[in-house]
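Participant: mmCIF, C-alpha atoms, saved as structure-v1.cif, coming up:
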```
data_model
#
loop_
_atom_site.label_atom_id
_atom_site.label_comp_id
_atom_site.auth_asym_id
_atom_site.auth_seq_id
_atom_site.Cartn_x
_atom_site.Cartn_y
_atom_site.Cartn_z
CA MET A 1 47.43 -29.94 21.83
CA ALA A 2 50.76 -30.09 23.65
CA LYS A 3 52.26 -33.49 24.36
CA LYS A 4 51.68 -34.61 27.93
CA LYS A 5 54.87 -34.95 29.98
CA SER A 6 55.51 -36.65 33.32
CA SER A 7 56.78 -34.81 36.37
CA LYS A 8 60.55 -34.43 36.70
CA LYS A 9 62.34 -35.97 39.65
CA SER A 10 65.52 -34.46 41.14
CA SER A 11 67.70 -35.29 44.12
CA LYS A 12 70.90 -33.75 45.56
CA LYS A 13 73.40 -34.68 48.15
CA SER A 14 74.12 -32.45 51.11
CA SER A 15 77.64 -31.37 52.14
CA SER A 16 77.65 -34.16 54.73
CA GLY A 17 77.20 -36.73 51.97
CA LYS A 18 73.59 -37.50 52.79
CA SER A 19 70.99 -37.38 50.02
CA LYS A 20 68.29 -34.78 50.27
CA ALA A 21 64.63 -35.69 49.74
CA THR A 22 63.57 -36.20 46.15
CA THR A 23 61.65 -33.20 44.72
CA TYR A 24 59.15 -33.54 41.85
CA LYS A 25 58.54 -30.55 39.57
CA ALA A 26 55.35 -30.32 37.49
CA ASN A 27 55.83 -30.08 33.72
CA THR A 28 53.11 -27.50 32.88
CA ILE A 29 52.06 -26.10 29.50
CA ASP A 30 52.44 -22.45 28.56
CA VAL A 31 48.83 -21.27 28.18
CA THR A 32 49.67 -17.78 26.82
CA GLY A 33 48.91 -18.76 23.23
CA TYR A 34 45.63 -20.37 24.19
CA ASN A 35 44.57 -17.31 26.17
CA ASN A 36 45.55 -15.00 23.29
CA GLU A 37 43.49 -17.08 20.87
CA LEU A 38 40.52 -16.94 23.24
CA ALA A 39 40.84 -13.16 23.61
CA GLN A 40 40.98 -12.69 19.83
CA ALA A 41 37.98 -14.97 19.36
CA ASN A 42 35.96 -13.04 21.95
CA ASN A 43 36.93 -9.73 20.32
CA GLU A 44 35.82 -11.05 16.93
CA LEU A 45 32.50 -12.20 18.39
CA ALA A 46 31.98 -8.86 20.15
CA SER A 47 32.76 -6.96 16.94
CA ILE A 48 29.89 -8.76 15.16
CA GLY A 49 27.44 -7.43 17.74
CA GLU A 50 23.66 -7.56 17.48
CA PHE A 51 21.94 -7.90 14.11
CA ASN A 52 20.98 -4.62 12.45
CA TYR A 53 19.25 -4.63 9.05
CA ASN A 54 20.87 -2.30 6.51
CA ASP A 55 18.33 -1.06 3.97
CA THR A 56 20.92 -0.14 1.33
CA SER A 57 18.62 -1.44 -1.42
CA GLY A 58 15.74 0.75 -0.25
CA TYR A 59 13.29 -2.16 -0.25
CA LYS A 60 11.97 -1.46 3.24
CA LEU A 61 11.61 2.27 2.54
CA GLN A 62 9.70 1.58 -0.67
CA ALA A 63 7.55 -1.03 1.08
CA ASP A 64 6.75 1.47 3.85
CA ASN A 65 5.88 4.17 1.31
CA ALA A 66 3.66 1.80 -0.67
CA PHE A 67 1.92 0.70 2.52
CA SER A 68 1.36 4.31 3.58
CA GLN A 69 -0.17 5.08 0.18
CA TRP A 70 -2.38 1.99 0.34
CA ASN A 71 -3.42 2.72 3.92
CA ASP A 72 -4.30 6.32 3.01
CA LEU A 73 -6.48 5.11 0.15
CA PHE A 74 -7.97 2.29 2.21
CA SER A 75 -8.82 4.11 5.40
CA GLY A 76 -7.16 7.54 5.46
CA GLN A 77 -7.68 10.92 3.84
CA GLY A 78 -7.59 9.42 0.35
CA LYS A 79 -10.54 7.19 1.23
CA ALA A 80 -12.40 10.11 2.81
CA ASP A 81 -11.89 12.26 -0.32
CA PHE A 82 -13.01 9.40 -2.56
CA ASP A 83 -16.15 8.75 -0.51
CA ALA A 84 -17.04 12.45 -0.45
CA SER A 85 -16.63 12.78 -4.23
CA GLN A 86 -18.60 9.59 -4.87
CA GLN A 87 -21.42 10.79 -2.63
CA LYS A 88 -21.58 14.13 -4.42
CA LEU A 89 -21.65 12.48 -7.84
CA GLN A 90 -24.22 9.93 -6.68
CA THR A 91 -26.49 12.73 -5.48
CA THR A 92 -26.27 14.37 -8.91
CA VAL A 93 -26.89 11.04 -10.65
CA ASP A 94 -29.95 10.37 -8.51
CA ASP A 95 -31.31 13.86 -9.14
CA LEU A 96 -30.85 13.56 -12.92
CA TYR A 97 -32.39 10.10 -12.90
CA ASN A 98 -35.44 11.36 -11.05
CA GLN A 99 -35.76 14.21 -13.53
CA MET A 100 -35.75 11.73 -16.40
CA MET A 101 -38.26 9.46 -14.69
CA ASN A 102 -40.56 12.42 -14.00
CA TYR A 103 -40.02 14.11 -17.34
CA GLY A 104 -43.49 13.12 -18.51
CA ASP A 105 -44.97 12.55 -21.96
CA PHE A 106 -44.98 15.17 -24.67
CA SER A 107 -48.06 17.36 -24.87
CA TYR A 108 -48.81 20.52 -26.82
CA ASP A 109 -51.68 22.95 -26.38
CA GLN A 110 -51.63 25.69 -29.00
CA GLU A 111 -54.03 27.79 -27.02
CA LYS A 112 -51.43 27.98 -24.24
CA ASP A 113 -48.63 28.74 -26.68
CA GLN A 114 -47.98 32.47 -26.53
CA LEU A 115 -46.18 32.40 -29.87
CA PHE A 116 -49.17 30.73 -31.49
CA GLN A 117 -51.47 33.37 -30.03
CA ILE A 118 -49.30 36.09 -31.55
CA TYR A 119 -49.41 34.38 -34.92
CA LYS A 120 -53.18 33.88 -34.53
CA GLN A 121 -53.73 37.57 -33.96
CA GLN A 122 -51.55 38.44 -36.94
CA TYR A 123 -53.32 35.98 -39.23
CA ILE A 124 -56.79 37.10 -38.14
CA ALA A 125 -55.81 40.74 -38.66
CA SER A 126 -54.43 39.93 -42.09
CA GLY A 127 -57.58 37.90 -42.92
CA ASN A 128 -59.86 40.74 -41.90
CA SER A 129 -57.82 43.12 -44.00
CA ALA A 130 -58.01 40.80 -46.99
CA MET A 131 -61.77 40.42 -46.52
CA LYS A 132 -62.28 44.22 -46.38
CA ASN A 133 -60.20 44.75 -49.46
CA GLN A 134 -62.14 42.07 -51.31
CA LEU A 135 -65.48 43.60 -50.29
CA ALA A 136 -64.36 47.06 -51.34
CA GLY A 137 -63.21 45.79 -54.74
CA ALA A 138 -66.45 43.86 -55.34
CA ALA A 139 -68.59 46.84 -54.32
CA ALA A 140 -66.75 49.07 -56.76
CA LYS A 141 -67.57 46.69 -59.59
CA THR A 142 -71.29 46.57 -58.70
CA GLY A 143 -71.79 50.25 -58.16
CA GLY A 144 -71.34 50.15 -54.44
CA TYR A 145 -73.79 47.39 -53.71
CA ASN A 146 -72.87 44.32 -51.71
CA ASN A 147 -74.13 41.05 -53.02
CA SER A 148 -73.69 37.38 -52.19
CA TYR A 149 -70.81 37.03 -54.61
CA ALA A 150 -68.91 39.84 -52.95
CA GLN A 151 -69.50 38.37 -49.51
CA GLN A 152 -68.41 34.92 -50.66
CA SER A 153 -65.25 36.22 -52.29
CA ALA A 154 -64.46 38.29 -49.20
CA GLN A 155 -64.95 35.25 -46.97
CA GLN A 156 -62.75 33.23 -49.27
CA ALA A 157 -60.03 35.86 -49.05
CA TYR A 158 -60.30 35.75 -45.26
CA ASN A 159 -60.17 31.94 -45.21
CA ASN A 160 -57.15 31.86 -47.52
CA VAL A 161 -55.19 34.04 -45.16
CA VAL A 162 -56.31 32.54 -41.86
CA GLY A 163 -55.94 29.02 -43.24
CA GLY A 164 -52.17 29.48 -43.08
CA LEU A 165 -52.51 29.52 -39.29
CA SER A 166 -53.11 25.76 -39.29
CA ASP A 167 -49.79 25.19 -41.02
CA LYS A 168 -48.14 27.49 -38.50
CA ALA A 169 -49.73 25.51 -35.64
CA ILE A 170 -48.32 22.28 -37.08
CA GLU A 171 -44.91 23.93 -37.37
CA LEU A 172 -45.05 25.22 -33.80
CA ARG A 173 -46.09 21.79 -32.48
CA SER A 174 -43.23 20.18 -34.37
CA ASN A 175 -40.81 22.72 -32.94
CA ALA A 176 -42.17 22.09 -29.44
CA LEU A 177 -41.72 18.34 -29.89
CA THR A 178 -38.17 18.86 -31.09
CA ASN A 179 -37.40 21.09 -28.10
CA TRP A 180 -38.97 18.58 -25.73
CA GLN A 181 -36.87 15.77 -27.21
CA ASN A 182 -33.70 17.89 -27.19
CA GLU A 183 -34.18 18.82 -23.54
CA TYR A 184 -34.73 15.17 -22.61
CA ASN A 185 -31.67 14.14 -24.62
CA GLN A 186 -29.59 16.79 -22.86
CA LEU A 187 -30.85 15.54 -19.51
CA GLN A 188 -30.03 11.96 -20.47
CA ASN A 189 -26.60 12.95 -21.81
CA ARG A 190 -25.82 14.77 -18.59
CA TYR A 191 -26.97 11.76 -16.58
CA ASN A 192 -24.74 9.45 -18.62
CA PHE A 193 -21.80 11.84 -18.33
CA VAL A 194 -22.02 12.17 -14.54
CA ASN A 195 -22.68 8.46 -14.08
CA ASN A 196 -19.69 7.59 -16.30
CA GLN A 197 -17.59 10.09 -14.38
CA LYS A 198 -18.59 8.41 -11.13
CA GLN A 199 -17.75 4.95 -12.48
CA ALA A 200 -14.44 6.17 -13.95
CA GLU A 201 -13.48 7.75 -10.62
CA GLU A 202 -14.39 4.55 -8.79
CA SER A 203 -12.36 2.46 -11.25
CA SER A 204 -9.40 4.82 -10.92
CA TYR A 205 -9.59 4.64 -7.12
CA TYR A 206 -9.55 0.85 -7.01
CA ASN A 207 -6.78 0.74 -9.61
CA LYS A 208 -4.68 3.00 -7.40
CA LEU A 209 -5.55 0.88 -4.37
CA ASN A 210 -4.54 -2.32 -6.17
CA THR A 211 -1.39 -0.71 -7.55
CA ALA A 212 -0.33 0.40 -4.07
CA ASN A 213 -1.13 -3.04 -2.67
CA ASN A 214 0.83 -4.79 -5.43
CA ALA A 215 3.76 -2.42 -4.95
CA TYR A 216 3.72 -3.10 -1.22
CA ASN A 217 3.72 -6.88 -1.80
CA VAL A 218 6.59 -6.66 -4.28
CA PHE A 219 8.79 -4.42 -2.14
CA ASN A 220 7.83 -6.14 1.11
CA ASN A 221 8.76 -9.55 -0.31
CA ALA A 222 12.03 -8.11 -1.61
CA TYR A 223 12.62 -6.58 1.84
CA LYS A 224 11.94 -9.91 3.57
CA ASP A 225 14.32 -11.74 1.23
CA ASP A 226 17.01 -9.11 1.73
CA TYR A 227 16.43 -9.15 5.49
CA ASN A 228 16.69 -12.94 5.62
CA ASN A 229 19.84 -12.93 3.49
CA GLN A 230 21.50 -10.33 5.69
CA TYR A 231 20.41 -12.13 8.85
CA SER A 232 21.63 -15.48 7.49
CA LEU A 233 25.04 -14.00 6.68
CA TRP A 234 25.22 -12.31 10.10
CA ASN A 235 24.13 -15.52 11.82
CA ASP A 236 26.72 -17.57 9.93
CA ASN A 237 29.45 -15.12 10.91
CA ARG A 238 28.27 -15.07 14.50
CA ASN A 239 28.11 -18.87 14.66
CA ALA A 240 31.58 -19.15 13.16
CA ALA A 241 32.91 -16.63 15.69
CA GLN A 242 31.10 -18.42 18.51
CA SER A 243 32.59 -21.73 17.36
CA ARG A 244 36.03 -20.15 17.41
CA VAL A 245 35.36 -18.92 20.97
CA ASN A 246 34.13 -22.33 22.02
CA ASN A 247 37.15 -24.07 20.50
CA ALA A 248 39.56 -21.58 22.05
CA GLN A 249 37.85 -21.91 25.42
CA SER A 250 38.09 -25.70 25.17
CA GLN A 251 41.83 -25.42 24.53
CA VAL A 252 42.26 -23.07 27.50
CA ASN A 253 40.20 -25.37 29.69
CA TRP A 254 42.21 -28.41 28.57
CA ALA A 255 45.53 -26.63 29.17
CA ASN A 256 44.42 -25.40 32.59
CA GLU A 257 43.15 -28.82 33.52
CA TYR A 258 46.36 -30.40 32.29
CA ASN A 259 48.49 -27.97 34.31
CA ASN A 260 46.29 -28.43 37.39
CA ASN A 261 46.64 -32.21 37.08
CA ALA A 262 50.39 -31.96 36.58
CA ILE A 263 50.75 -29.71 39.63
CA ALA A 264 48.49 -31.96 41.69
CA THR A 265 50.47 -35.04 40.63
CA ALA A 266 53.80 -33.35 41.49
CA ASN A 267 52.44 -32.23 44.84
CA ALA A 268 51.20 -35.71 45.60
CA LEU A 269 54.56 -37.26 44.67
CA ASN A 270 56.40 -34.71 46.79
CA GLU A 271 54.06 -35.41 49.71
CA THR A 272 54.65 -39.13 49.32
CA ALA A 273 58.40 -38.58 49.11
CA ARG A 274 58.37 -36.51 52.29
CA ASN A 275 56.38 -39.14 54.08
CA ASN A 276 58.76 -41.86 52.91
CA ASN A 277 61.79 -39.86 53.99
CA ALA A 278 60.22 -39.26 57.39
CA LEU A 279 59.59 -42.97 57.84
CA GLU A 280 63.12 -43.78 56.72
CA ALA A 281 64.51 -41.30 59.21
CA ILE A 282 62.49 -42.87 62.02
CA LYS A 283 63.72 -46.32 61.09
CA LYS A 284 67.33 -45.15 61.10
CA LYS A 285 66.93 -43.57 64.53
CA GLY A 286 65.47 -46.81 65.80
CA ALA A 287 68.31 -48.86 64.37
CA ASN A 288 70.86 -46.57 65.97
CA GLY A 289 69.18 -46.85 69.33
CA LYS A 290 68.23 -43.31 69.45
#
```
As a first step, turn the structure in this file into structure tokens.
Facilitator:
Amino acid sequence: MAKKKSSKKSSKKSSSGKSKATTYKANTIDVTGYNNELAQANNELASIGEFNYNDTSGYKLQADNAFSQWNDLFSGQGKADFDASQQKLQTTVDDLYNQMMNYGDFSYDQEKDQLFQIYKQQYIASGNSAMKNQLAGAAAKTGGYNNSYAQQSAQQAYNNVVGGLSDKAIELRSNALTNWQNEYNQLQNRYNFVNNQKQAEESSYYNKLNTANNAYNVFNNAYKDDYNNQYSLWNDNRNAAQSRVNNAQSQVNWANEYNNNAIATANALNETARNNNALEAIKKKGANGK
């Protein structure tokens, strides 16, 4: 701040030897430097401008991408695809479950088994053939006469052959039981496979949803921190520039006020001096009788 100076006083004598009225000149301050400082401060403040976040780190972009992925899975096309697939798998699971529940107990009726009937016909035909052969052989030994021994041996030959049909029936029933169990096991295995597939798809979906949500939180928090850091730096610079403007404006205001006061003081002194000179002139005229 410039040192305050008082107004200068000057007086001169006229060619007739009389003194002219005293004139006071204001000692003002050169405000050019203050105005230059204020202009530079305003330029610096203007150059800072409004805050604009610069995503050089890519945090905001990655946060936006993660949110878009999460939103798609949560309520967009990803969710629609997941629901459609789950519904389709659930329908298959329900159908297979109902098939298992309605599968029924094992039952076997050899008379309804076409394969058994074929074997039965073959065994009966073979038994009849064995019985005829036995009768023919016995008749040859007895001179062509049938007797009770021949009939018994022929019946025994028939029974020996046809008796194998019982073993075949047991075998066919066992095979039917095995097929029944295998078909049920295949049905159960398919049910387990589809149900596991449904659960695995559901688990994968929620893992993706959680992964996208976690990624969003990580990048969004990083974005917020980066945003706050950039804003804090910008705000500090802006406040510093604003302080410089305020200080420069205060200096300009002080200098202008000082100069205005100095000019006002000089004007007042000059006005007083003129008034005093006028009074003195009147007194002199009165003393001279004029």
Participant: Do you have the CA of Tyr103 (chain A)-CA of Tyr184 (chain A) distance handy?
Facilitator: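 These two atoms are separated by 7.5 Å.
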Participant: For this structure, which residues satisfy the selection - the PyMOL selection byres ((chain A and resi 148-163) around 9) - when it is evaluated on the file as given? I want them as a PDB file with C-alpha atoms, in the coordinates of the input.
Facilitator:
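The new file out29.pdb reads:
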```
ATOM      1  CA  LYS A 120     -53.180  33.880 -34.530  1.00  0.00           C
ATOM      2  CA  TYR A 123     -53.320  35.980 -39.230  1.00  0.00           C
ATOM      3  CA  ILE A 124     -56.790  37.100 -38.140  1.00  0.00           C
ATOM      4  CA  ALA A 125     -55.810  40.740 -38.660  1.00  0.00           C
ATOM      5  CA  SER A 126     -54.430  39.930 -42.090  1.00  0.00           C
ATOM      6  CA  GLY A 127     -57.580  37.900 -42.920  1.00  0.00           C
ATOM      7  CA  ASN A 128     -59.860  40.740 -41.900  1.00  0.00           C
ATOM      8  CA  SER A 129     -57.820  43.120 -44.000  1.00  0.00           C
ATOM      9  CA  ALA A 130     -58.010  40.800 -46.990  1.00  0.00           C
ATOM     10  CA  MET A 131     -61.770  40.420 -46.520  1.00  0.00           C
ATOM     11  CA  LYS A 132     -62.280  44.220 -46.380  1.00  0.00           C
ATOM     12  CA  ASN A 133     -60.200  44.750 -49.460  1.00  0.00           C
ATOM     13  CA  GLN A 134     -62.140  42.070 -51.310  1.00  0.00           C
ATOM     14  CA  LEU A 135     -65.480  43.600 -50.290  1.00  0.00           C
ATOM     15  CA  ALA A 136     -64.360  47.060 -51.340  1.00  0.00           C
ATOM     16  CA  GLY A 137     -63.210  45.790 -54.740  1.00  0.00           C
ATOM     17  CA  ALA A 138     -66.450  43.860 -55.340  1.00  0.00           C
ATOM     18  CA  ALA A 139     -68.590  46.840 -54.320  1.00  0.00           C
ATOM     19  CA  ASN A 146     -72.870  44.320 -51.710  1.00  0.00           C
ATOM     20  CA  ASN A 147     -74.130  41.050 -53.020  1.00  0.00           C
ATOM     21  CA  GLY A 164     -52.170  29.480 -43.080  1.00  0.00           C
ATOM     22  CA  LEU A 165     -52.510  29.520 -39.290  1.00  0.00           C
ATOM     23  CA  SER A 166     -53.110  25.760 -39.290  1.00  0.00           C
ATOM     24  CA  ASP A 167     -49.790  25.190 -41.020  1.00  0.00           C
TER      25      ASP A 167
END
```
Participant: Record the distance separating CA of Leu177 (chain A) and CA of Asp94 (chain A), expressed in Å with one decimal.
Facilitator: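 Value for the CA of Leu177 (chain A)-CA of Asp94 (chain A) distance: 25.7 Å.
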Participant: Between A:Asn52, A:Gln69, A:Arg173, A:Leu61, which one has atoms that come closest to Gln110 (chain A), using only C-alpha atoms?
Facilitator: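 Under the stated criterion, the closest residue is A:Arg173.
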Participant: Taking the file as shown, what set of residues would the PyMOL selection byres ((chain A and resi 108) around 10) give back, as a list of chain:residue names?
Facilitator: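 Output of the PyMOL selection byres ((chain A and resi 108) around 10): A:Phe106, A:Ser107, A:Asp109, A:Gln110, A:Glu111, A:Lys112, A:Asp113, A:Leu172, A:Arg173, A:Ser174, A:Ala176, A:Leu177.
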Participant: Please write the residues picked by the PyMOL selection byres ((chain A and resi 59) around 7) on this file as a ChimeraX atom specification.
Facilitator: /A:55,57-58,60-63,219-220,222-223
Participant: What gap, in Å, lies between CA of Glu201 (chain A) and CA of Asp83 (chain A)?
Facilitator: 10.5 Å
Participant: When you get a chance, write out N, CA and C atoms for region 167-191 of chain A, as a short mmCIF file (atom, residue, chain, number, x, y, z; two decimals), in the frame of the given file.
Facilitator:
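The result, written out as rebuild-v5.cif:
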```
data_model
loop_
_atom_site.label_atom_id
_atom_site.label_comp_id
_atom_site.auth_asym_id
_atom_site.auth_seq_id
_atom_site.Cartn_x
_atom_site.Cartn_y
_atom_site.Cartn_z
N ASP A 167 -51.16 25.63 -40.69
CA ASP A 167 -49.79 25.19 -41.02
C ASP A 167 -48.80 25.69 -39.97
N LYS A 168 -49.03 26.93 -39.53
CA LYS A 168 -48.14 27.49 -38.50
C LYS A 168 -48.29 26.71 -37.18
N ALA A 169 -49.52 26.29 -36.86
CA ALA A 169 -49.73 25.51 -35.64
C ALA A 169 -48.99 24.18 -35.71
N ILE A 170 -49.05 23.56 -36.89
CA ILE A 170 -48.32 22.28 -37.08
C ILE A 170 -46.81 22.51 -36.92
N GLU A 171 -46.34 23.61 -37.48
CA GLU A 171 -44.91 23.93 -37.37
C GLU A 171 -44.50 24.18 -35.92
N LEU A 172 -45.36 24.92 -35.20
CA LEU A 172 -45.05 25.22 -33.80
C LEU A 172 -45.08 23.95 -32.95
N ARG A 173 -46.04 23.05 -33.22
CA ARG A 173 -46.09 21.79 -32.48
C ARG A 173 -44.85 20.95 -32.76
N SER A 174 -44.43 20.94 -34.01
CA SER A 174 -43.23 20.18 -34.37
C SER A 174 -41.99 20.75 -33.67
N ASN A 175 -41.94 22.09 -33.63
CA ASN A 175 -40.81 22.72 -32.94
C ASN A 175 -40.84 22.40 -31.43
N ALA A 176 -42.04 22.40 -30.86
CA ALA A 176 -42.17 22.09 -29.44
C ALA A 176 -41.75 20.65 -29.16
N LEU A 177 -42.12 19.74 -30.06
CA LEU A 177 -41.72 18.34 -29.89
C LEU A 177 -40.21 18.19 -29.99
N THR A 178 -39.62 18.90 -30.93
CA THR A 178 -38.17 18.86 -31.09
C THR A 178 -37.48 19.41 -29.84
N ASN A 179 -37.99 20.52 -29.32
CA ASN A 179 -37.40 21.09 -28.10
C ASN A 179 -37.56 20.15 -26.91
N TRP A 180 -38.72 19.53 -26.82
CA TRP A 180 -38.97 18.58 -25.73
C TRP A 180 -37.98 17.42 -25.79
N GLN A 181 -37.79 16.90 -27.03
CA GLN A 181 -36.87 15.77 -27.21
C GLN A 181 -35.43 16.19 -26.95
N ASN A 182 -35.07 17.40 -27.41
CA ASN A 182 -33.70 17.89 -27.19
C ASN A 182 -33.41 18.08 -25.71
N GLU A 183 -34.37 18.62 -24.98
CA GLU A 183 -34.18 18.82 -23.54
C GLU A 183 -34.04 17.48 -22.82
N TYR A 184 -34.84 16.50 -23.24
CA TYR A 184 -34.73 15.17 -22.61
C TYR A 184 -33.38 14.54 -22.94
N ASN A 185 -32.97 14.69 -24.22
CA ASN A 185 -31.67 14.14 -24.62
C ASN A 185 -30.53 14.79 -23.85
N GLN A 186 -30.62 16.09 -23.65
CA GLN A 186 -29.59 16.79 -22.86
C GLN A 186 -29.57 16.29 -21.42
N LEU A 187 -30.75 16.07 -20.87
CA LEU A 187 -30.85 15.54 -19.51
C LEU A 187 -30.25 14.14 -19.44
N GLN A 188 -30.57 13.32 -20.44
CA GLN A 188 -30.03 11.96 -20.47
C GLN A 188 -28.52 11.97 -20.69
N ASN A 189 -28.05 12.85 -21.57
CA ASN A 189 -26.60 12.95 -21.81
C ASN A 189 -25.86 13.39 -20.56
N ARG A 190 -26.45 14.31 -19.83
CA ARG A 190 -25.82 14.77 -18.59
C ARG A 190 -25.81 13.64 -17.55
N TYR A 191 -26.91 12.91 -17.50
CA TYR A 191 -26.97 11.76 -16.58
C TYR A 191 -25.88 10.75 -16.91
#
```
